[in-house]
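S.K.: The structure file entry34.txt (compact mmCIF, C-alpha atoms and all ligand atoms) is provided below.
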# COMPACT_ATOMS: atom_id res chain seq x y z
CA MET D 1 58.31 49.13 68.76
CA VAL D 2 61.51 47.61 70.17
CA TYR D 3 62.90 49.17 73.34
CA ALA D 4 66.35 47.69 73.92
CA VAL D 5 68.53 48.00 77.01
CA PRO D 6 71.95 46.52 77.73
CA GLY D 7 71.89 43.12 79.45
CA SER D 8 68.75 41.82 81.09
CA PRO D 9 65.74 44.14 80.83
CA LEU D 10 64.71 43.01 84.30
CA VAL D 11 67.93 43.86 86.11
CA ALA D 12 68.31 47.45 87.35
CA GLU D 13 66.45 49.03 84.43
CA ARG D 14 64.20 51.74 85.81
CA THR D 15 62.69 52.69 82.43
CA VAL D 16 61.61 49.09 81.83
CA GLU D 17 60.07 49.03 85.29
CA LEU D 18 58.10 52.19 84.48
CA LEU D 19 56.96 50.83 81.11
CA ARG D 20 55.77 47.59 82.68
CA ALA D 21 53.81 49.51 85.31
CA ASP D 22 52.10 51.69 82.68
CA ARG D 23 48.69 50.24 81.80
CA ARG D 24 48.60 52.09 78.50
CA VAL D 25 51.56 50.09 77.21
CA SER D 26 51.57 46.42 76.37
CA VAL D 27 55.05 45.07 77.05
CA THR D 28 56.63 41.75 76.12
CA VAL D 29 59.96 41.20 77.85
CA GLU D 30 62.60 39.18 76.01
CA PRO D 31 65.01 37.71 78.61
CA ALA D 32 68.72 38.34 78.05
CA LEU D 33 72.06 37.71 79.73
CA SER D 34 72.84 40.14 82.55
CA PHE D 35 76.23 41.39 83.70
CA LEU D 36 75.33 39.49 86.87
CA ASP D 37 75.59 36.14 85.06
CA LEU D 38 79.10 37.05 83.95
CA ALA D 39 80.02 38.35 87.40
CA TRP D 40 79.01 35.09 89.15
CA ALA D 41 80.91 33.07 86.55
CA ARG D 42 84.11 35.14 86.87
CA LEU D 43 83.98 35.22 90.68
CA GLY D 44 83.02 31.54 90.95
CA VAL D 45 80.17 32.47 93.29
CA ASP D 46 76.69 30.96 93.62
CA PRO D 47 74.79 34.06 94.80
CA LEU D 48 72.03 32.08 96.46
CA ALA D 49 74.34 29.74 98.37
CA ALA D 50 76.60 32.63 99.40
CA GLY D 51 73.67 34.86 100.41
CA VAL D 52 74.83 37.76 98.25
CA THR D 53 73.04 41.11 98.54
CA LEU D 54 72.81 43.32 95.45
CA VAL D 55 73.27 46.98 96.18
CA ASP D 56 73.09 50.15 94.10
CA GLY D 57 76.42 51.95 94.59
CA GLN D 58 74.74 55.36 94.29
CA ARG D 59 72.63 54.51 97.37
CA PHE D 60 75.19 52.41 99.19
CA THR D 61 75.22 54.52 102.35
CA VAL D 62 71.53 53.88 102.87
CA GLU D 63 71.02 50.47 101.26
CA ALA D 64 74.03 48.80 102.85
CA ALA D 65 73.36 50.24 106.31
CA GLY D 66 72.98 47.31 108.65
CA LEU D 67 74.17 44.75 106.10
CA SER D 68 77.04 42.37 106.51
CA GLY D 69 78.26 39.42 104.45
CA PRO D 70 78.96 39.43 100.71
CA LEU D 71 77.73 42.27 98.50
CA LEU D 72 77.77 42.93 94.77
CA VAL D 73 77.60 46.66 94.18
CA ALA D 74 76.47 48.01 90.80
CA GLN D 75 76.51 51.56 89.41
CA CYS D 76 80.01 52.30 90.70
CA ASP D 77 80.63 54.70 87.86
CA THR D 78 82.60 57.54 89.44
CA VAL D 79 85.40 58.03 91.94
CA ASP D 80 82.94 59.95 94.12
CA VAL D 81 80.67 56.89 94.35
CA LEU D 82 83.64 54.69 95.30
CA SER D 83 84.75 57.25 97.83
CA ALA D 84 81.29 57.44 99.42
CA ILE D 85 81.19 53.62 99.62
CA LYS D 86 84.61 53.52 101.26
CA LEU D 87 83.82 56.21 103.81
CA SER D 88 80.41 54.83 104.77
CA VAL D 89 81.88 51.67 106.24
CA ASP D 90 82.91 51.79 109.88
CA GLU D 91 85.60 49.16 109.60
CA ALA D 92 87.44 48.11 106.44
CA PRO D 93 86.40 44.63 105.19
CA PRO D 94 88.82 41.89 106.26
CA ALA D 95 89.57 40.82 102.67
CA ASP D 96 90.42 42.80 99.54
CA VAL D 97 87.53 43.69 97.27
CA VAL D 98 87.33 42.95 93.53
CA VAL D 99 86.56 45.58 90.91
CA LEU D 100 84.93 44.01 87.85
CA GLN D 101 85.02 46.08 84.68
CA ARG D 102 83.68 45.70 81.15
CA LEU D 103 82.66 42.08 81.67
CA GLY D 104 82.16 40.22 78.41
CA LEU D 105 84.18 42.70 76.38
CA ALA D 106 87.75 42.38 75.10
CA GLU D 107 88.89 44.93 77.73
CA GLU D 108 87.35 42.96 80.62
CA SER D 109 89.28 43.21 83.89
CA LEU D 110 89.06 41.94 87.45
CA THR D 111 91.26 43.83 89.90
CA SER D 112 91.83 43.00 93.55
CA VAL D 113 92.00 46.19 95.58
CA ALA D 114 92.69 46.99 99.24
CA TRP D 115 89.72 48.85 100.77
CA ASP D 116 91.70 52.02 101.46
CA ASP D 117 92.77 52.23 97.81
CA LEU D 118 89.26 51.88 96.40
CA ASP D 119 88.98 55.52 95.38
CA ARG D 120 92.68 55.91 94.62
CA THR D 121 93.70 53.21 92.18
CA VAL D 122 90.48 52.36 90.31
CA ARG D 123 89.30 54.30 87.25
CA PRO D 124 85.58 53.57 87.27
CA ASP D 125 83.23 53.83 84.29
CA HIS D 126 79.64 52.92 83.38
CA LEU D 127 80.63 49.21 83.19
CA THR D 128 82.10 48.92 86.69
CA CYS D 129 80.81 46.94 89.63
CA LEU D 130 82.32 45.92 92.93
CA TRP D 131 82.51 42.60 94.76
CA ILE D 132 82.83 42.82 98.54
CA PRO D 133 83.34 39.26 99.82
CA GLU D 134 82.67 40.22 103.42
CA LEU D 135 81.41 43.36 105.07
CA ARG D 136 81.66 43.62 108.83
CA PRO D 137 78.46 44.54 110.69
CA PRO D 138 78.35 48.32 110.81
CA VAL D 139 78.27 50.35 113.98
CA ALA D 140 76.34 53.26 112.49
CA ALA D 141 73.40 51.32 111.02
CA GLU D 142 70.83 52.95 113.31
CA LEU D 143 72.22 56.38 112.53
CA MET D 144 71.99 55.76 108.79
CA ARG D 145 68.38 54.60 109.11
CA PHE D 146 67.59 57.74 111.09
CA TRP D 147 69.29 59.89 108.46
CA GLU D 148 67.20 58.21 105.74
CA LEU D 149 64.02 58.85 107.74
CA VAL D 150 64.88 62.54 108.09
CA ARG D 151 65.63 62.78 104.35
CA THR D 152 62.34 61.08 103.42
CA LEU D 153 60.33 63.37 105.69
CA ARG D 154 61.98 66.44 104.17
CA GLU D 155 61.09 65.18 100.69
CA ARG D 156 57.53 64.01 101.28
CA CYS D 157 56.06 65.67 104.37
CA PRO D 158 54.81 69.26 103.86
CA TRP D 159 54.69 69.87 107.64
CA ASP D 160 58.29 68.76 108.04
CA ARG D 161 59.41 71.04 105.21
CA GLN D 162 58.00 74.06 107.07
CA GLN D 163 60.23 73.41 110.06
CA THR D 164 63.26 75.65 110.44
CA PRO D 165 65.91 75.97 113.16
CA ARG D 166 63.58 78.63 114.71
CA PHE D 167 61.34 75.80 115.93
CA ALA D 168 64.17 73.74 117.34
CA ALA D 169 64.05 75.46 120.73
CA PRO D 170 66.32 73.98 123.41
CA LEU D 171 64.60 72.23 126.29
CA PRO D 172 64.71 74.10 129.58
CA ALA D 173 67.40 73.09 132.09
CA GLY D 174 66.56 69.72 133.61
CA GLY D 175 65.23 68.28 130.37
CA GLY D 176 61.89 70.06 130.24
CA ALA D 177 59.47 70.20 133.11
CA ARG D 178 55.93 68.97 132.70
CA GLY D 179 53.86 71.51 130.95
CA ALA D 180 56.87 73.34 129.52
CA ARG D 181 55.80 74.93 126.27
CA ARG D 182 57.67 74.52 123.03
CA PRO D 183 57.05 76.81 120.08
CA ARG D 184 54.72 75.26 117.57
CA PRO D 185 55.16 75.42 113.79
CA PRO D 186 52.95 77.69 111.73
CA ARG D 187 49.66 76.36 110.46
CA ARG D 188 49.06 75.67 106.83
CA GLY D 189 48.19 78.89 105.06
CA GLY D 190 50.47 80.87 107.35
CA ARG D 191 47.86 81.99 109.95
CA PRO D 192 49.60 82.12 113.34
CA ARG D 193 48.33 79.92 116.16
CA GLY D 194 46.79 81.09 119.37
CA ARG D 195 45.08 84.20 118.05
CA ARG D 196 41.40 84.80 117.76
CA ARG D 197 39.92 85.34 114.36
CA GLY D 198 40.23 88.98 113.37
CA ARG D 199 42.94 89.76 115.91
CA ARG D 200 45.77 91.13 113.87
CA ALA D 201 48.33 93.83 114.40
CA GLY D 202 46.57 97.17 114.78
CA ARG D 203 43.19 95.52 115.25
CA PRO D 204 41.61 95.02 118.66
CA PRO D 205 40.49 91.56 119.79
CA LEU D 206 36.89 90.60 119.16
CA PRO D 207 34.64 91.35 122.12
CA ARG D 208 33.75 88.31 124.19
CA SER D 209 30.23 87.11 123.71
CA SER D 210 28.22 85.91 126.67
CA SER D 211 28.34 82.31 125.45
CA THR D 212 32.13 82.23 125.78
CA ARG D 213 32.14 83.20 129.46
C1 LIG B 301 71.66 50.07 85.26
S1 LIG B 301 72.59 48.55 85.47
C2 LIG B 301 72.00 47.69 84.07
C3 LIG B 301 72.27 46.23 84.13
C4 LIG B 301 71.80 45.51 82.88
N1 LIG B 301 70.38 45.57 82.74
C5 LIG B 301 72.24 44.07 82.93
O1 LIG B 301 71.40 43.21 83.21
O2 LIG B 301 73.42 43.81 82.68
C6 LIG B 301 74.16 49.10 84.98
C7 LIG B 301 75.24 48.71 85.98
O3 LIG B 301 75.49 47.33 85.87
C8 LIG B 301 76.89 47.08 85.94
N2 LIG B 301 77.33 46.55 84.64
C9 LIG B 301 76.62 46.50 83.51
N3 LIG B 301 77.33 45.93 82.52
C10 LIG B 301 78.54 45.62 83.06
C11 LIG B 301 79.72 44.99 82.54
N4 LIG B 301 79.78 44.58 81.27
N5 LIG B 301 80.77 44.83 83.38
C12 LIG B 301 80.69 45.23 84.67
N6 LIG B 301 79.62 45.81 85.19
C13 LIG B 301 78.54 46.00 84.41
C14 LIG B 301 77.56 48.40 86.25
O4 LIG B 301 77.70 48.52 87.65
C15 LIG B 301 76.56 49.40 85.70
O5 LIG B 301 76.64 50.64 86.39
What would you get if you wrote out this structure as structure tokens?

M.R.:
Amino acid sequence: MVYAVPGSPLVAERTVELLRADRRVSVTVEPALSFLDLAWARLGVDPLAAGVTLVDGQRFTVEAAGLSGPLLVAQCDTVDVLSAIKLSVDEAPPADVVVLQRLGLAEESLTSVAWDDLDRTVRPDHLTCLWIPELRPPVAAELMRFWELVRTLRERCPWDRQQTPRFAAPLPAGGGARGARRPRPPRRGGRPRGRRRGRRAGRPPLPRSSSTR
């Protein structure tokens, strides 16, 4: 069976990645020209010498956090993606950026755009990528990493998912004295903490046995 994708099967093709990782499938990859080859040729850039970082535009806020220097951003297919890219940067890049569209086709275009106009003048599509020659070091990198950590915990940690604003009790005045108690989250299965077995509403506590004295 032939499974064909546009460009190189090894560049930003998640389905190919999944197929290659699946032991039930025997895969032979036929190399092919990527949009990246055309991008370097049109921009006149050697990505290795220039130290270019490749970034997924849909995850720019997280992936580009902390980065500086030249970036090539793929998957810039909607105005919303361009807008998110623009707004996630603390300080506009010193030079204009270049929007590369439909490389290798008759309608190919390279447009130089001022940073502020990124989501105003460009009409992005599924064949649009962005060249940022220089990105200044961001101020909010730590914040973005923290935000990513919070997002990951919410997605993957069952304990974290149980937390609600009810458990975010303010510290007492003075920042919380030693021994100050904070409310604890519920246990798995919903049984409240701090109660003896069998002690529920309307039911008296179990009598103390001599061994517990
Ligand atoms: C999922 S990647 C697939 C890349 C493909 N495997 C390749 O090697 O060319 C798709 C993204 O690459 C970029 N892209 C692909 N073809 C392009 C082209 N002809 N011109 C400009 N950008 C292109 C766009 O950013 C698009 O959203």

S.K.: Around ligand LIG 301 (chain B), out to 6 Å and counting only C-alpha atoms and all ligand atoms, which residues are there? I want them as number ranges by chain.

M.R.: D: 6-9, 11-13, 34-35, 74-77, 100-104, 126-129

S.K.: Could you take the residues named above and write them with C-alpha atoms, as a PDB file, keeping the file's coordinate frame?

M.R.:
ATOM      1  CA  PRO D   6      71.950  46.520  77.730  1.00  0.00           C
ATOM      2  CA  GLY D   7      71.890  43.120  79.450  1.00  0.00           C
ATOM      3  CA  SER D   8      68.750  41.820  81.090  1.00  0.00           C
ATOM      4  CA  PRO D   9      65.740  44.140  80.830  1.00  0.00           C
ATOM      5  CA  VAL D  11      67.930  43.860  86.110  1.00  0.00           C
ATOM      6  CA  ALA D  12      68.310  47.450  87.350  1.00  0.00           C
ATOM      7  CA  GLU D  13      66.450  49.030  84.430  1.00  0.00           C
ATOM      8  CA  SER D  34      72.840  40.140  82.550  1.00  0.00           C
ATOM      9  CA  PHE D  35      76.230  41.390  83.700  1.00  0.00           C
ATOM     10  CA  ALA D  74      76.470  48.010  90.800  1.00  0.00           C
ATOM     11  CA  GLN D  75      76.510  51.560  89.410  1.00  0.00           C
ATOM     12  CA  CYS D  76      80.010  52.300  90.700  1.00  0.00           C
ATOM     13  CA  ASP D  77      80.630  54.700  87.860  1.00  0.00           C
ATOM     14  CA  LEU D 100      84.930  44.010  87.850  1.00  0.00           C
ATOM     15  CA  GLN D 101      85.020  46.080  84.680  1.00  0.00           C
ATOM     16  CA  ARG D 102      83.680  45.700  81.150  1.00  0.00           C
ATOM     17  CA  LEU D 103      82.660  42.080  81.670  1.00  0.00           C
ATOM     18  CA  GLY D 104      82.160  40.220  78.410  1.00  0.00           C
ATOM     19  CA  HIS D 126      79.640  52.920  83.380  1.00  0.00           C
ATOM     20  CA  LEU D 127      80.630  49.210  83.190  1.00  0.00           C
ATOM     21  CA  THR D 128      82.100  48.920  86.690  1.00  0.00           C
ATOM     22  CA  CYS D 129      80.810  46.940  89.630  1.00  0.00           C
TER      23      CYS D 129
END

S.K.: Which residue, D:Arg145, D:Arg42, D:Arg123, D:Arg154, has the smallest gap to Val81 (chain D) when you use all atoms listed in the file?

M.R.: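 Counting all atoms listed in the file, the residue closest to Val81 (chain D) is D:Arg123.
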
S.K.: CA of Ala65 (chain D) and CA of Pro93 (chain D) are how many Å apart?

M.R.: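 Atom-to-atom, CA of Ala65 (chain D) and CA of Pro93 (chain D) are spaced 14.2 Å apart.
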
S.K.: Could you list, as a count of residues only, every residue within 12 Å of region 24-28 of chain D, counting all atoms listed in the file and ignoring same-chain residues fewer than 6 positions away?

M.R.: 9

S.K.: Tell me which of D:Ala21, D:Val29, D:Pro133, D:Leu82 sits closest to Pro47 (chain D), counting all atoms listed in the file.

M.R.: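 Checking each of D:Ala21, D:Val29, D:Pro133, D:Leu82 against Pro47 (chain D), counting all atoms listed in the file, the winner is D:Pro133.
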
S.K.: Name the closest residue to Leu110 (chain D) among the candidates D:Leu19, D:Ala169, D:Val62, D:Ala39; distances are taken between atoms, counting all atoms listed in the file.

M.R.: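 Answer, going by the shortest atom-to-atom distance: D:Ala39.
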